[in-house]
Each structure stands twice: as C-alpha cells, then as structure tokens.
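Peer 1: My file is structure-v7.csv. It has CSV, C-alpha atoms and all ligand atoms:
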chain,number,residue,atom,x,y,z
A,785,MET,CA,-141.1,56.8,-7.5
A,786,ILE,CA,-139.7,54.8,-10.4
A,787,ASN,CA,-136.8,56.3,-12.3
A,788,VAL,CA,-135.3,55.3,-15.6
A,789,THR,CA,-132.6,53.4,-13.8
A,790,LYS,CA,-131.5,52.4,-10.3
A,791,THR,CA,-128.0,51.6,-9.3
A,792,TYR,CA,-127.3,48.0,-8.5
A,793,LEU,CA,-125.5,47.6,-5.3
A,794,PRO,CA,-123.6,44.2,-4.9
A,795,ASN,CA,-123.2,42.2,-1.7
A,796,LYS,CA,-122.3,44.6,1.2
A,797,GLU,CA,-120.2,42.2,3.2
A,798,LYS,CA,-118.0,41.4,0.2
A,799,TYR,CA,-117.5,45.1,-0.5
A,800,PHE,CA,-116.6,45.8,3.1
A,801,SER,CA,-114.1,43.0,3.1
A,802,TYR,CA,-112.3,44.8,0.2
A,803,ILE,CA,-112.5,48.0,2.2
A,804,ASP,CA,-110.8,46.3,5.1
A,805,LYS,CA,-108.0,45.2,2.7
A,806,ILE,CA,-107.6,48.8,1.5
A,807,TYR,CA,-107.3,50.0,5.1
A,808,LYS,CA,-104.8,47.4,5.9
A,809,ASN,CA,-102.4,48.1,3.1
A,810,GLY,CA,-103.1,51.9,3.0
A,811,TRP,CA,-102.9,52.0,-0.8
A,812,ILE,CA,-106.0,53.9,-2.0
A,813,THR,CA,-105.1,55.3,-5.4
A,814,ASN,CA,-102.3,55.4,-8.1
A,815,ASN,CA,-102.6,52.1,-9.8
A,816,GLY,CA,-103.2,50.1,-6.7
A,817,PRO,CA,-103.6,46.3,-6.4
A,818,LEU,CA,-107.4,46.3,-6.8
A,819,VAL,CA,-107.2,48.4,-10.0
A,820,GLN,CA,-104.6,45.9,-11.3
A,821,GLU,CA,-106.8,42.9,-10.3
A,822,LEU,CA,-109.9,44.5,-11.9
A,823,GLU,CA,-108.0,45.1,-15.2
A,824,ARG,CA,-106.9,41.5,-15.3
A,825,LYS,CA,-110.3,40.1,-14.5
A,826,LEU,CA,-112.2,42.5,-16.9
A,827,ALA,CA,-109.8,41.7,-19.8
A,828,GLU,CA,-110.6,38.0,-19.3
A,829,TYR,CA,-114.3,38.5,-18.8
A,830,LEU,CA,-114.7,40.8,-21.9
A,831,GLY,CA,-112.3,38.9,-24.1
A,832,VAL,CA,-110.0,41.8,-24.9
A,833,LYS,CA,-106.2,42.2,-24.9
A,834,ASN,CA,-105.5,45.5,-23.3
A,835,ILE,CA,-107.7,47.4,-20.8
A,836,VAL,CA,-106.7,50.6,-19.0
A,837,LEU,CA,-109.1,51.7,-16.2
A,838,VAL,CA,-109.8,55.4,-15.8
A,839,ALA,CA,-111.9,57.8,-13.7
A,840,ASN,CA,-115.0,57.9,-16.0
A,841,GLY,CA,-116.2,57.4,-19.6
A,842,THR,CA,-115.7,61.0,-20.6
A,843,VAL,CA,-111.9,61.1,-19.8
A,844,ALA,CA,-111.6,57.6,-21.4
A,845,LEU,CA,-112.7,59.3,-24.7
A,846,GLU,CA,-110.3,62.2,-24.1
A,847,ILE,CA,-107.4,59.9,-23.4
A,848,ALA,CA,-108.2,57.9,-26.5
A,849,TYR,CA,-108.0,61.0,-28.7
A,850,ARG,CA,-104.7,62.1,-27.1
A,851,THR,CA,-103.2,58.6,-27.4
A,852,LEU,CA,-104.0,58.5,-31.1
A,853,GLU,CA,-103.1,62.2,-31.5
A,854,ILE,CA,-106.4,63.1,-33.2
A,855,LYS,CA,-106.6,66.6,-34.5
A,856,ASP,CA,-108.6,68.9,-36.8
A,857,TYR,CA,-111.9,67.1,-37.6
A,858,ALA,CA,-113.6,63.9,-36.4
A,859,ILE,CA,-116.8,62.4,-37.8
A,860,THR,CA,-119.2,61.4,-35.1
A,861,THR,CA,-122.9,60.8,-34.5
A,862,PRO,CA,-125.4,63.5,-33.4
A,863,PHE,CA,-127.4,60.8,-31.6
A,864,SER,CA,-125.5,60.2,-28.4
A,865,PHE,CA,-124.9,61.4,-24.9
A,866,VAL,CA,-123.3,64.9,-24.9
A,867,ALA,CA,-119.9,63.6,-23.7
A,868,THR,CA,-119.2,62.0,-27.1
A,869,THR,CA,-119.1,65.4,-28.7
A,870,SER,CA,-118.1,67.6,-25.8
A,871,SER,CA,-114.9,65.5,-25.3
A,872,LEU,CA,-113.9,66.2,-28.8
A,873,VAL,CA,-114.5,70.0,-28.5
A,874,THR,CA,-112.5,70.2,-25.2
A,875,ASN,CA,-109.6,68.6,-27.0
A,876,GLY,CA,-109.7,71.1,-29.9
A,877,ILE,CA,-111.2,68.6,-32.3
A,878,LYS,CA,-114.1,69.8,-34.4
A,879,PRO,CA,-117.0,67.3,-34.6
A,880,ILE,CA,-118.6,66.8,-38.0
A,881,PHE,CA,-121.9,64.9,-37.7
A,882,ALA,CA,-122.9,62.1,-40.0
A,883,ASP,CA,-126.6,61.4,-39.6
A,884,ILE,CA,-127.9,58.1,-38.2
A,885,ASP,CA,-129.8,55.2,-39.6
A,886,PRO,CA,-133.4,55.8,-38.4
A,887,HIS,CA,-133.9,52.1,-37.5
A,888,THR,CA,-130.7,51.0,-35.7
A,889,LEU,CA,-130.1,54.6,-34.4
A,890,ASN,CA,-126.4,54.2,-35.1
A,891,ILE,CA,-124.2,56.3,-37.4
A,892,ASN,CA,-124.9,55.5,-41.1
A,893,PRO,CA,-121.6,54.5,-42.8
A,894,GLU,CA,-122.8,56.1,-46.1
A,895,ASN,CA,-123.1,59.4,-44.4
A,896,ILE,CA,-119.6,58.9,-42.9
A,897,LYS,CA,-118.2,58.5,-46.4
A,898,ASN,CA,-119.9,61.7,-47.6
A,899,ALA,CA,-118.5,63.7,-44.7
A,900,ILE,CA,-114.8,62.9,-45.2
A,901,THR,CA,-112.4,65.7,-46.2
A,902,LYS,CA,-108.7,66.0,-46.3
A,903,ASN,CA,-108.8,67.4,-42.7
A,904,THR,CA,-110.6,64.4,-41.2
A,905,SER,CA,-108.5,62.4,-38.8
A,906,ALA,CA,-110.9,60.1,-37.1
A,907,ILE,CA,-114.3,58.5,-36.9
A,908,VAL,CA,-116.0,58.4,-33.4
A,909,PRO,CA,-119.1,56.2,-33.7
A,910,VAL,CA,-121.3,55.1,-30.7
A,911,HIS,CA,-122.8,51.6,-30.2
A,912,VAL,CA,-126.1,53.3,-29.2
A,913,PHE,CA,-128.0,51.4,-26.5
A,914,GLY,CA,-125.5,48.5,-26.8
A,915,ASN,CA,-126.6,47.9,-30.4
A,916,GLY,CA,-123.4,47.4,-32.3
A,917,CYS,CA,-122.5,49.7,-35.2
A,918,ASP,CA,-121.8,48.3,-38.7
A,919,VAL,CA,-118.2,47.7,-37.7
A,920,GLU,CA,-117.1,46.1,-40.9
A,921,SER,CA,-118.2,49.0,-43.2
A,922,ILE,CA,-116.7,51.5,-40.7
A,923,ASN,CA,-113.5,49.5,-40.7
A,924,ASP,CA,-113.3,49.5,-44.5
A,925,ILE,CA,-114.0,53.3,-44.7
A,926,ALA,CA,-111.3,54.0,-42.1
A,927,LYS,CA,-108.7,51.8,-43.9
A,928,GLU,CA,-109.4,53.4,-47.3
A,929,ASN,CA,-109.1,56.9,-46.0
A,930,ASN,CA,-106.4,56.3,-43.4
A,931,LEU,CA,-108.6,57.3,-40.4
A,932,LYS,CA,-108.5,56.3,-36.8
A,933,VAL,CA,-111.6,54.8,-35.2
A,934,ILE,CA,-112.5,55.4,-31.6
A,935,TYR,CA,-115.7,53.6,-30.6
A,936,ASP,CA,-117.7,55.2,-27.7
A,937,ALA,CA,-118.8,51.9,-26.3
A,938,ALA,CA,-120.2,53.3,-23.1
A,939,HIS,CA,-123.3,51.2,-23.6
A,940,ALA,CA,-121.6,48.1,-25.1
A,941,PHE,CA,-120.2,46.3,-22.0
A,942,ASP,CA,-120.2,42.6,-22.8
A,943,VAL,CA,-121.7,42.9,-26.3
A,944,LYS,CA,-120.4,40.4,-28.9
A,945,TYR,CA,-120.3,40.6,-32.7
A,946,LYS,CA,-119.9,37.3,-34.4
A,947,ASP,CA,-118.7,35.6,-31.2
A,948,THR,CA,-116.0,38.1,-30.4
A,949,SER,CA,-116.2,41.2,-28.2
A,950,ILE,CA,-117.3,44.2,-30.2
A,951,LEU,CA,-114.7,46.1,-28.2
A,952,ASN,CA,-112.0,44.5,-30.4
A,953,TYR,CA,-113.0,46.6,-33.3
A,954,GLY,CA,-111.5,50.1,-34.1
A,955,ASP,CA,-108.3,51.4,-32.7
A,956,ILE,CA,-109.6,52.1,-29.3
A,957,SER,CA,-113.0,51.5,-27.6
A,958,THR,CA,-114.1,53.3,-24.5
A,959,LEU,CA,-116.4,52.2,-21.7
A,960,SER,CA,-118.3,54.1,-19.0
A,961,PHE,CA,-118.6,52.4,-15.6
A,962,HIS,CA,-120.9,55.1,-14.2
A,963,ALA,CA,-123.3,54.0,-11.4
A,964,THR,CA,-126.2,53.8,-13.8
A,965,LYS,CA,-124.5,51.4,-16.2
A,966,LEU,CA,-124.9,47.7,-16.6
A,967,PHE,CA,-121.5,47.2,-14.9
A,968,HIS,CA,-120.3,50.0,-12.7
A,969,THR,CA,-117.5,51.1,-10.4
A,970,ILE,CA,-119.5,54.0,-8.9
A,971,GLU,CA,-117.7,56.4,-11.3
A,972,GLY,CA,-115.2,54.9,-13.8
A,973,GLY,CA,-114.4,54.0,-17.3
A,974,ALA,CA,-111.9,52.1,-19.5
A,975,LEU,CA,-110.0,52.1,-22.7
A,976,ILE,CA,-109.7,49.0,-24.7
A,977,ILE,CA,-106.6,49.4,-26.9
A,978,ASN,CA,-106.0,47.1,-29.8
A,979,ASP,CA,-102.5,48.2,-30.6
A,980,ASP,CA,-100.2,46.9,-27.8
A,981,SER,CA,-97.6,49.6,-28.5
A,982,LEU,CA,-100.1,52.4,-27.5
A,983,VAL,CA,-101.0,51.0,-24.0
A,984,GLN,CA,-98.0,52.4,-22.1
A,985,LYS,CA,-98.6,55.8,-23.7
A,986,ALA,CA,-102.2,55.8,-22.5
A,987,ARG,CA,-101.0,54.8,-19.0
A,988,TYR,CA,-98.7,57.8,-18.9
A,989,LEU,CA,-101.5,60.1,-20.1
A,990,ILE,CA,-103.9,59.2,-17.3
A,991,ASN,CA,-101.1,60.1,-14.8
A,992,PHE,CA,-100.3,63.7,-16.0
A,993,GLY,CA,-98.2,62.4,-18.9
A,994,ILE,CA,-95.4,61.5,-16.4
A,995,GLU,CA,-93.1,58.9,-17.9
A,996,ASN,CA,-90.6,58.8,-15.0
A,997,GLU,CA,-89.2,61.2,-12.4
A,998,GLU,CA,-87.4,63.2,-15.0
A,999,SER,CA,-89.5,63.0,-18.1
A,1000,ILE,CA,-93.0,64.3,-19.0
A,1001,PRO,CA,-93.1,64.0,-22.8
A,1002,ASN,CA,-96.9,64.3,-23.4
A,1003,LEU,CA,-99.7,66.5,-22.2
A,1004,GLY,CA,-101.5,64.3,-19.8
A,1005,THR,CA,-104.3,64.7,-17.2
A,1006,ASN,CA,-105.4,63.0,-14.0
A,1007,ALA,CA,-107.7,60.3,-15.0
A,1008,LYS,CA,-106.9,57.6,-12.5
A,1009,MET,CA,-109.4,55.1,-11.0
A,1010,ASN,CA,-109.1,54.7,-7.2
A,1011,GLU,CA,-109.1,51.5,-5.1
A,1012,PHE,CA,-112.7,52.0,-3.7
A,1013,GLU,CA,-114.0,52.2,-7.2
A,1014,ALA,CA,-112.1,49.1,-8.3
A,1015,ALA,CA,-113.4,47.2,-5.2
A,1016,MET,CA,-117.0,48.0,-6.3
A,1017,GLY,CA,-116.1,46.7,-9.8
A,1018,LEU,CA,-114.7,43.5,-8.4
A,1019,CYS,CA,-117.9,42.9,-6.4
A,1020,MET,CA,-120.1,43.8,-9.5
A,1021,LEU,CA,-118.1,41.4,-11.7
A,1022,ASP,CA,-118.9,38.5,-9.3
A,1023,GLU,CA,-122.6,39.2,-9.7
A,1024,MET,CA,-122.8,39.8,-13.5
A,1025,GLU,CA,-124.6,36.6,-14.3
A,1026,ILE,CA,-127.5,37.3,-12.0
A,1027,ILE,CA,-127.6,41.0,-13.1
A,1028,LYS,CA,-127.7,39.9,-16.7
A,1029,SER,CA,-130.4,37.4,-16.2
A,1030,MET,CA,-132.6,39.8,-14.2
A,1031,ARG,CA,-132.2,42.4,-16.9
A,1032,LYS,CA,-133.0,39.9,-19.7
A,1033,GLU,CA,-136.3,39.0,-18.0
A,1034,VAL,CA,-137.3,42.7,-17.8
A,1035,TYR,CA,-136.3,43.2,-21.4
A,1036,LYS,CA,-138.3,40.2,-22.6
A,1037,ILE,CA,-141.5,41.4,-21.0
A,1038,TYR,CA,-141.2,44.9,-22.4
A,1039,LYS,CA,-140.5,43.5,-25.9
A,1040,LYS,CA,-143.4,41.0,-25.9
A,1041,GLU,CA,-145.9,43.6,-24.6
A,1042,LEU,CA,-144.8,46.6,-26.6
A,1043,LYS,CA,-143.5,45.4,-30.0
A,1044,ASN,CA,-146.9,45.9,-31.6
A,1045,THR,CA,-147.6,49.2,-29.8
A,1046,VAL,CA,-144.6,51.3,-30.5
A,1047,GLU,CA,-141.5,51.1,-32.7
A,1048,LEU,CA,-138.4,49.4,-31.3
A,1049,PRO,CA,-134.9,50.0,-32.7
A,1050,LYS,CA,-133.7,47.4,-35.1
A,1051,GLN,CA,-131.0,45.2,-33.6
A,1052,ASN,CA,-128.1,44.7,-36.0
A,1053,GLU,CA,-127.4,41.1,-37.2
A,1054,ASN,CA,-124.8,39.0,-35.5
A,1055,ILE,CA,-124.9,41.1,-32.4
A,1056,THR,CA,-125.7,39.9,-28.9
A,1057,SER,CA,-127.8,42.2,-26.7
A,1058,ASN,CA,-126.7,43.2,-23.2
A,1059,HIS,CA,-130.3,44.3,-22.3
A,1060,SER,CA,-129.0,47.6,-20.9
A,1061,TYR,CA,-131.7,50.0,-22.2
A,1062,PHE,CA,-135.3,49.8,-23.5
A,1063,PRO,CA,-135.9,52.7,-25.9
A,1064,ILE,CA,-139.2,53.1,-27.6
A,1065,ILE,CA,-140.0,55.3,-30.5
A,1066,PHE,CA,-143.4,57.0,-30.9
A,1067,LYS,CA,-145.2,58.1,-34.1
A,1068,SER,CA,-145.0,61.8,-33.1
A,1069,GLU,CA,-143.5,64.0,-30.5
A,1070,GLU,CA,-147.0,64.8,-29.4
A,1071,GLN,CA,-147.7,61.1,-28.7
A,1072,MET,CA,-144.4,60.8,-26.8
A,1073,LEU,CA,-145.2,63.8,-24.7
A,1074,THR,CA,-148.7,62.4,-23.9
A,1075,VAL,CA,-147.2,59.1,-22.7
A,1076,GLN,CA,-144.4,60.8,-20.8
A,1077,LYS,CA,-146.9,63.0,-18.9
A,1078,ALA,CA,-149.2,60.0,-18.1
A,1079,LEU,CA,-146.2,58.1,-16.7
A,1080,ASN,CA,-144.9,61.2,-14.8
A,1081,ASP,CA,-148.4,61.6,-13.2
A,1082,GLU,CA,-147.9,58.2,-11.7
A,1083,GLN,CA,-144.4,59.0,-10.5
A,1084,ILE,CA,-142.7,57.1,-13.3
A,1085,PHE,CA,-139.9,58.8,-14.9
A,1086,PRO,CA,-138.7,57.5,-18.3
A,1087,ARG,CA,-135.9,59.6,-19.9
A,1088,ARG,CA,-135.8,61.5,-23.1
A,1089,TYR,CA,-132.5,59.9,-24.1
A,1090,PHE,CA,-130.9,61.1,-26.2
A,1091,TYR,CA,-132.2,64.7,-26.2
A,1092,PRO,CA,-131.4,67.2,-27.7
A,1093,SER,CA,-129.7,66.0,-30.9
A,1094,LEU,CA,-126.0,67.0,-30.6
A,1095,ASP,CA,-126.0,69.0,-33.8
A,1096,THR,CA,-128.2,71.6,-32.0
A,1097,LEU,CA,-125.5,72.3,-29.3
A,1098,ASN,CA,-124.8,76.0,-29.4
A,1099,TYR,CA,-121.0,75.6,-29.2
A,1100,ILE,CA,-120.7,73.5,-32.3
A,1101,GLU,CA,-118.8,75.1,-35.2
A,1102,PRO,CA,-119.5,74.8,-38.1
A,1103,LYS,CA,-123.3,74.8,-37.7
A,1104,GLN,CA,-124.8,71.6,-38.9
A,1105,ARG,CA,-128.2,69.9,-39.3
A,1106,CYS,CA,-129.0,66.2,-39.0
A,1107,ASN,CA,-132.7,65.8,-39.6
A,1108,ILE,CA,-133.0,62.1,-38.8
A,1109,SER,CA,-131.3,62.4,-35.5
A,1110,ARG,CA,-133.4,65.5,-34.6
A,1111,ASP,CA,-136.6,63.6,-35.5
A,1112,ILE,CA,-135.7,60.6,-33.4
A,1113,CYS,CA,-134.7,62.7,-30.5
A,1114,ASN,CA,-138.2,64.3,-30.5
A,1115,ARG,CA,-140.0,60.9,-30.5
A,1116,ILE,CA,-137.9,58.6,-28.2
A,1117,LEU,CA,-138.3,57.6,-24.6
A,1118,VAL,CA,-136.1,55.2,-22.6
A,1119,LEU,CA,-138.2,53.2,-20.2
A,1120,PRO,CA,-137.3,52.3,-16.6
A,1121,MET,CA,-134.9,49.3,-16.8
A,1122,TYR,CA,-132.9,47.8,-14.0
A,1123,PRO,CA,-132.4,44.4,-12.5
A,1124,GLU,CA,-134.7,44.9,-9.5
A,1125,LEU,CA,-137.6,46.5,-11.4
A,1126,LYS,CA,-140.7,44.8,-9.9
A,1127,LYS,CA,-143.0,42.9,-12.2
A,1128,GLU,CA,-146.1,44.7,-11.0
A,1129,ASP,CA,-144.4,48.1,-11.6
A,1130,GLN,CA,-143.4,47.0,-15.1
A,1131,THR,CA,-147.0,45.8,-15.9
A,1132,HIS,CA,-148.2,49.2,-14.7
A,1133,ILE,CA,-145.8,51.0,-17.0
A,1134,ILE,CA,-146.9,48.9,-20.0
A,1135,GLN,CA,-150.6,49.5,-19.2
A,1136,ILE,CA,-150.1,53.3,-19.1
A,1137,ILE,CA,-148.3,53.3,-22.4
A,1138,LYS,CA,-150.9,51.2,-24.1
A,1139,LYS,CA,-153.7,53.3,-22.7
A,1140,ASN,CA,-152.2,56.5,-24.0
A,1141,ILE,CA,-151.3,55.5,-27.6
A,1201,LIG,C1,-122.7,57.2,-24.9
A,1201,LIG,C2,-122.0,57.7,-23.8
A,1201,LIG,N1,-120.8,58.2,-23.9
A,1201,LIG,C3,-120.1,58.7,-22.8
A,1201,LIG,C4,-120.6,58.8,-21.6
A,1201,LIG,C5,-119.8,59.4,-20.5
A,1201,LIG,O1,-119.5,58.5,-19.5
A,1201,LIG,P1,-119.2,59.0,-18.0
A,1201,LIG,O2,-120.6,59.4,-17.4
A,1201,LIG,O3,-118.7,57.8,-17.3
A,1201,LIG,O4,-118.3,60.1,-18.0
A,1201,LIG,C6,-121.9,58.2,-21.4
A,1201,LIG,C7,-122.5,58.2,-20.1
A,1201,LIG,O5,-123.1,58.4,-19.3
A,1201,LIG,C8,-122.6,57.7,-22.5
A,1201,LIG,O6,-123.8,57.2,-22.3
Turn the structure described in the file into structure tokens.
Peer 2:
Amino acid sequence: MINVTKTYLPNKEKYFSYIDKIYKNGWITNNGPLVQELERKLAEYLGVKNIVLVANGTVALEIAYRTLEIKDYAITTPFSFVATTSSLVTNGIKPIFADIDPHTLNINPENIKNAITKNTSAIVPVHVFGNGCDVESINDIAKENNLKVIYDAAHAFDVKYKDTSILNYGDISTLSFHATKLFHTIEGGALIINDDSLVQKARYLINFGIENEESIPNLGTNAKMNEFEAAMGLCMLDEMEIIKSMRKEVYKIYKKELKNTVELPKQNENITSNHSYFPIIFKSEEQMLTVQKALNDEQIFPRRYFYPSLDTLNYIEPKQRCNISRDICNRILVLPMYPELKKEDQTHIIQIIKKNI
C-alpha cells in the first residue's frame, strides 16, 4: 500500500541516546533542556529571531491569535487544512474568506482588500503547499489598514523569499511539526514571533498564562512540547540535508513526467521550494475521480487535499461562497510524496495517471 505520505524516522541509535539522557536527568516536559536546545538550533537553521515550540500547529495558531489579541473578524483563505479556520472559530474570531488565486492557490490580495471592514482585526493567509504568498502586497494592505498578519506556515518549513526566511514576514508565522510534515517532532509546532516584546507573553500563554507563582494575567492554555518530541526534532534536524535531497529527486521526476499531462500550481517568483507536496489539478472533477479510483485500485492512495473548501463548513457564520476555491477543491489530488518513495512505485503512479487522462 502506498499512502500520500510516510513518516520519516531518523537514526534509531541517536534517538535512543537522547532518550537515555532524558531518563538520566528525569526532566520530561515543562521547557526542558532538549526543547531549549531545539529552539536554539531551529532558529539558526531557519534564519529567524524568535521561536517558541508548542504541542502542535493548531495550538500554535491559537496562541498566535491570543498573543496578538485578535478579535471580531479575520480574513483568511478557504483553501487550507481545516485547522486554519477552526482555530479562529474556537477563539471566538469570525473567519471571512477571501478567495484564492486559481494558479498559485494562495489567498488573492485583491480579494483581501475587498473583504476589509471596520471590524477586521487580522489577516490569516496560508503558504499553501509551501508556495509563499504575495507577502509584499499583504504587508502593504496590513499596514494601510492597521491589521495584524498571522501566516499559517505549516507547509513552509525552510522556504525562502528573496534569500530570507519567509517566516520573517507578518507579525507571527506558525509551523506544524506533525509526523507527516517535512520536518517533524512526532506532534509539534512553533511560533515565529517577529516582535521581541511579544515572545515572553506567548511563553506564558503556552503554560496556562502563568507569569509567576502569584500572577496569571492572561487566559492561557497547555500547549507545551515535551522532551521526547524535542529529541525527535533534534534527530530530524541532523538529517535534513538528506531528507531534502531525496524529496527533491521525487519532486523532479513527477514534474518532468506530469507537467504536460495535468496542471501544476504556479510557483511564486523569488520563492524556494521545499518539495513538501506534489499537488496536481485535473480538467474536471470527473477526471480527478477516474484517476483517483484507478490509483486506489492499485492500492495507491493520493489525497484530496484540501477538501472540502472551508467556506462550506456548516459552523461558519456568516455563510459565504468562494467559487474558485470550491472549483479547485473538486479537481485537485496530492500525490504520494516522501523521501523513501521507491522509483518503481513512482513510475507506476505516473503511468496510471497518464493512462487515465
Ligand atoms: C495548513 C495547515 N495548518 C494547520 C495545520 C495543523 O497542524 P497540526 O496537525 O500540527 O495541529 C496543518 C496540519 O496538518 C496544516 O496543513
């Protein structure tokens, strides 16, 4: 069976040596030494100033909204994983959708402008499939309208825009380190905070809002990463170069073989690719379903990602409709993509797609 992704497991002996350390010092959670070490190493690796590690990418978004005190309405994209929107709703913020660009699949800045009202407090764009948003236009819009920007950068680990980390744009960017991601800590996530003065507040918020033994000034939650997860991250980080080069190879073959068969999303200019996903867009939903079935019949499971479009969620108020996002959601499939995908399996996947188009 070939799934859309397969978790990369780094060197076992190295991981076990970290576990030995954890057993020796007995410190397994609450900002332990390995979490601190991973924060330092990741900040350097990614080229960012401030990183706060958390339990997953969903709470990273929630902590970002609370750190920036976002309320009322936030403009976001309907084409994302459900957590981008559900995290807003759980925090009492109403999502207003700005439809996407049909080629880059990212939120369209023109549609952001049209959606702004006096009750808008933030923009929550997503660097979909690691393809960076139009960060400069979004920055201008945010400045002109005094809005905060929180990038859901769950897919954008190690992505650079004009030679600097794309995570340095916006007020806060959030990452997901879920087991299926390019870089993972089993479960985990992070906030990249560009304003130094907000870092300590975020640290309190991930630990119930506790400032010290006598003071709990803000409504916090428990969003801490533990030492076993940080140990996994430290091992992954040591193997990033090999992981990246294996992914790049898989990506190159798909691109060469499929670029004239199906539509591929357009990569924004000046953006590096982290080769984390390989989405393909079909002419029609019918064609997509035919290919999906043909692959499934051979025990190959690409993913309808993202599906459904988030403007169709039944808990969204006010009701909205984003036609471009809905159309793309009906026609897109993300192909199996992971470092250890065998060449013969990839060839088989490509053949099935070509035969069924
Ligand atoms: C775009 C996007 N945002 C948020 C998340 C949530 O991250 P996590 O699964 O770590 O909570 C995901 C993850 O899967 C994602 O793809």
Peer 1: Can I get the residues close to ligand LIG 1201 (chain A) as a list in words, where close means within 6 Å and we count all atoms listed in the file?
Peer 2: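 The distance check yields Asn840, Gly841, Thr842, Ser864, Phe865, Ala867, Thr868, Asp936, Ala938, Ser960, Phe961, His962, Gly972 and Gly973 of chain A.
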Peer 1: Mind dumping the selected residues with C-alpha atoms as a PDB file, in the coordinates of the input?
Peer 2:
ATOM      1  CA  ASN A 840    -115.000  57.900 -16.000  1.00  0.00           C
ATOM      2  CA  GLY A 841    -116.200  57.400 -19.600  1.00  0.00           C
ATOM      3  CA  THR A 842    -115.700  61.000 -20.600  1.00  0.00           C
ATOM      4  CA  SER A 864    -125.500  60.200 -28.400  1.00  0.00           C
ATOM      5  CA  PHE A 865    -124.900  61.400 -24.900  1.00  0.00           C
ATOM      6  CA  ALA A 867    -119.900  63.600 -23.700  1.00  0.00           C
ATOM      7  CA  THR A 868    -119.200  62.000 -27.100  1.00  0.00           C
ATOM      8  CA  ASP A 936    -117.700  55.200 -27.700  1.00  0.00           C
ATOM      9  CA  ALA A 938    -120.200  53.300 -23.100  1.00  0.00           C
ATOM     10  CA  SER A 960    -118.300  54.100 -19.000  1.00  0.00           C
ATOM     11  CA  PHE A 961    -118.600  52.400 -15.600  1.00  0.00           C
ATOM     12  CA  HIS A 962    -120.900  55.100 -14.200  1.00  0.00           C
ATOM     13  CA  GLY A 972    -115.200  54.900 -13.800  1.00  0.00           C
ATOM     14  CA  GLY A 973    -114.400  54.000 -17.300  1.00  0.00           C
TER      15      GLY A 973
END
Peer 1: Rank A:Val866, A:Ile956, A:Met1020, A:Ile1141 by their smallest atom-to-atom distance to Leu1073 of chain A, using only C-alpha atoms, and report the top residue only.
Peer 2: A:Ile1141
Peer 1: Determine, counting only C-alpha atoms, every residue of protein, DNA or RNA that lies within 12 Å of (-129.6, 52.7, -41.6) in the file coordinates, then give the result as a ChimeraX atom specification.
Peer 2: /A:882-896,917-918,1049-1052,1108-1109
Peer 1: Restricting the calculation to all atoms listed in the file, which member of A:Ala986, A:Val1118, A:Val838, A:Ala906 is positioned closest to Met1009 of chain A?
Peer 2: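 Of the candidates, the smallest distance to Met1009 of chain A is held by A:Val838.
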Peer 1: Could you check which of A:Leu1094, A:Val832, A:Ile900, A:Ile1112 is closest to Leu1048 of chain A, using all atoms listed in the file?
Peer 2: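 Ranking A:Leu1094, A:Val832, A:Ile900, A:Ile1112 by distance to Leu1048 of chain A, first place goes to A:Ile1112.
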Peer 1: Measuring between all atoms listed in the file, which one of A:Lys1127, A:Thr1045, A:Ala937, A:Tyr1091 shows the shortest distance to Lys1139 of chain A?
Peer 2: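 When distances to Lys1139 of chain A are compared using all atoms listed in the file, the smallest one comes from A:Thr1045.
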Peer 1: Here is a test: counting all atoms listed in the file, which residue of A:Cys1113, A:Asp955, A:Tyr857, A:Asn1080 is nearest to Thr869 of chain A?
Peer 2: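 Smallest distance to Thr869 of chain A is found for A:Tyr857.
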Peer 1: Any idea what the distance is between atom CA of Ala963 of chain A and atom CA of Thr789 of chain A?
Peer 2: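 Atom CA of Thr789 of chain A lies 9.6 Å from atom CA of Ala963 of chain A.
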Peer 1: I want to know what sits within 8 Å of Ile877 of chain A, based on only C-alpha atoms, with residues of the same chain fewer than 4 positions away left out; could you give that as JSON, numbers by chain?
Peer 2: {"A": [854, 855, 856, 857, 858, 872, 873]}
Peer 1: Using atom CA of Ile977 of chain A and atom CA of Tyr953 of chain A as the two end points, give the distance in Å to one decimal.
Peer 2: 9.5 Å
Peer 1: Please, what distance in Å, to one decimal, runs between atom CA of Lys805 of chain A and atom CA of Gly1017 of chain A?
Peer 2: 15.0 Å
Peer 1: List the neighbours of Tyr1099 of chain A out to 10 Å using all atoms listed in the file; skip same-chain residues closer than 3 positions along the sequence, and give me the result as a ChimeraX atom specification.
Peer 2: /A:870,873,1095-1096,1102-1103
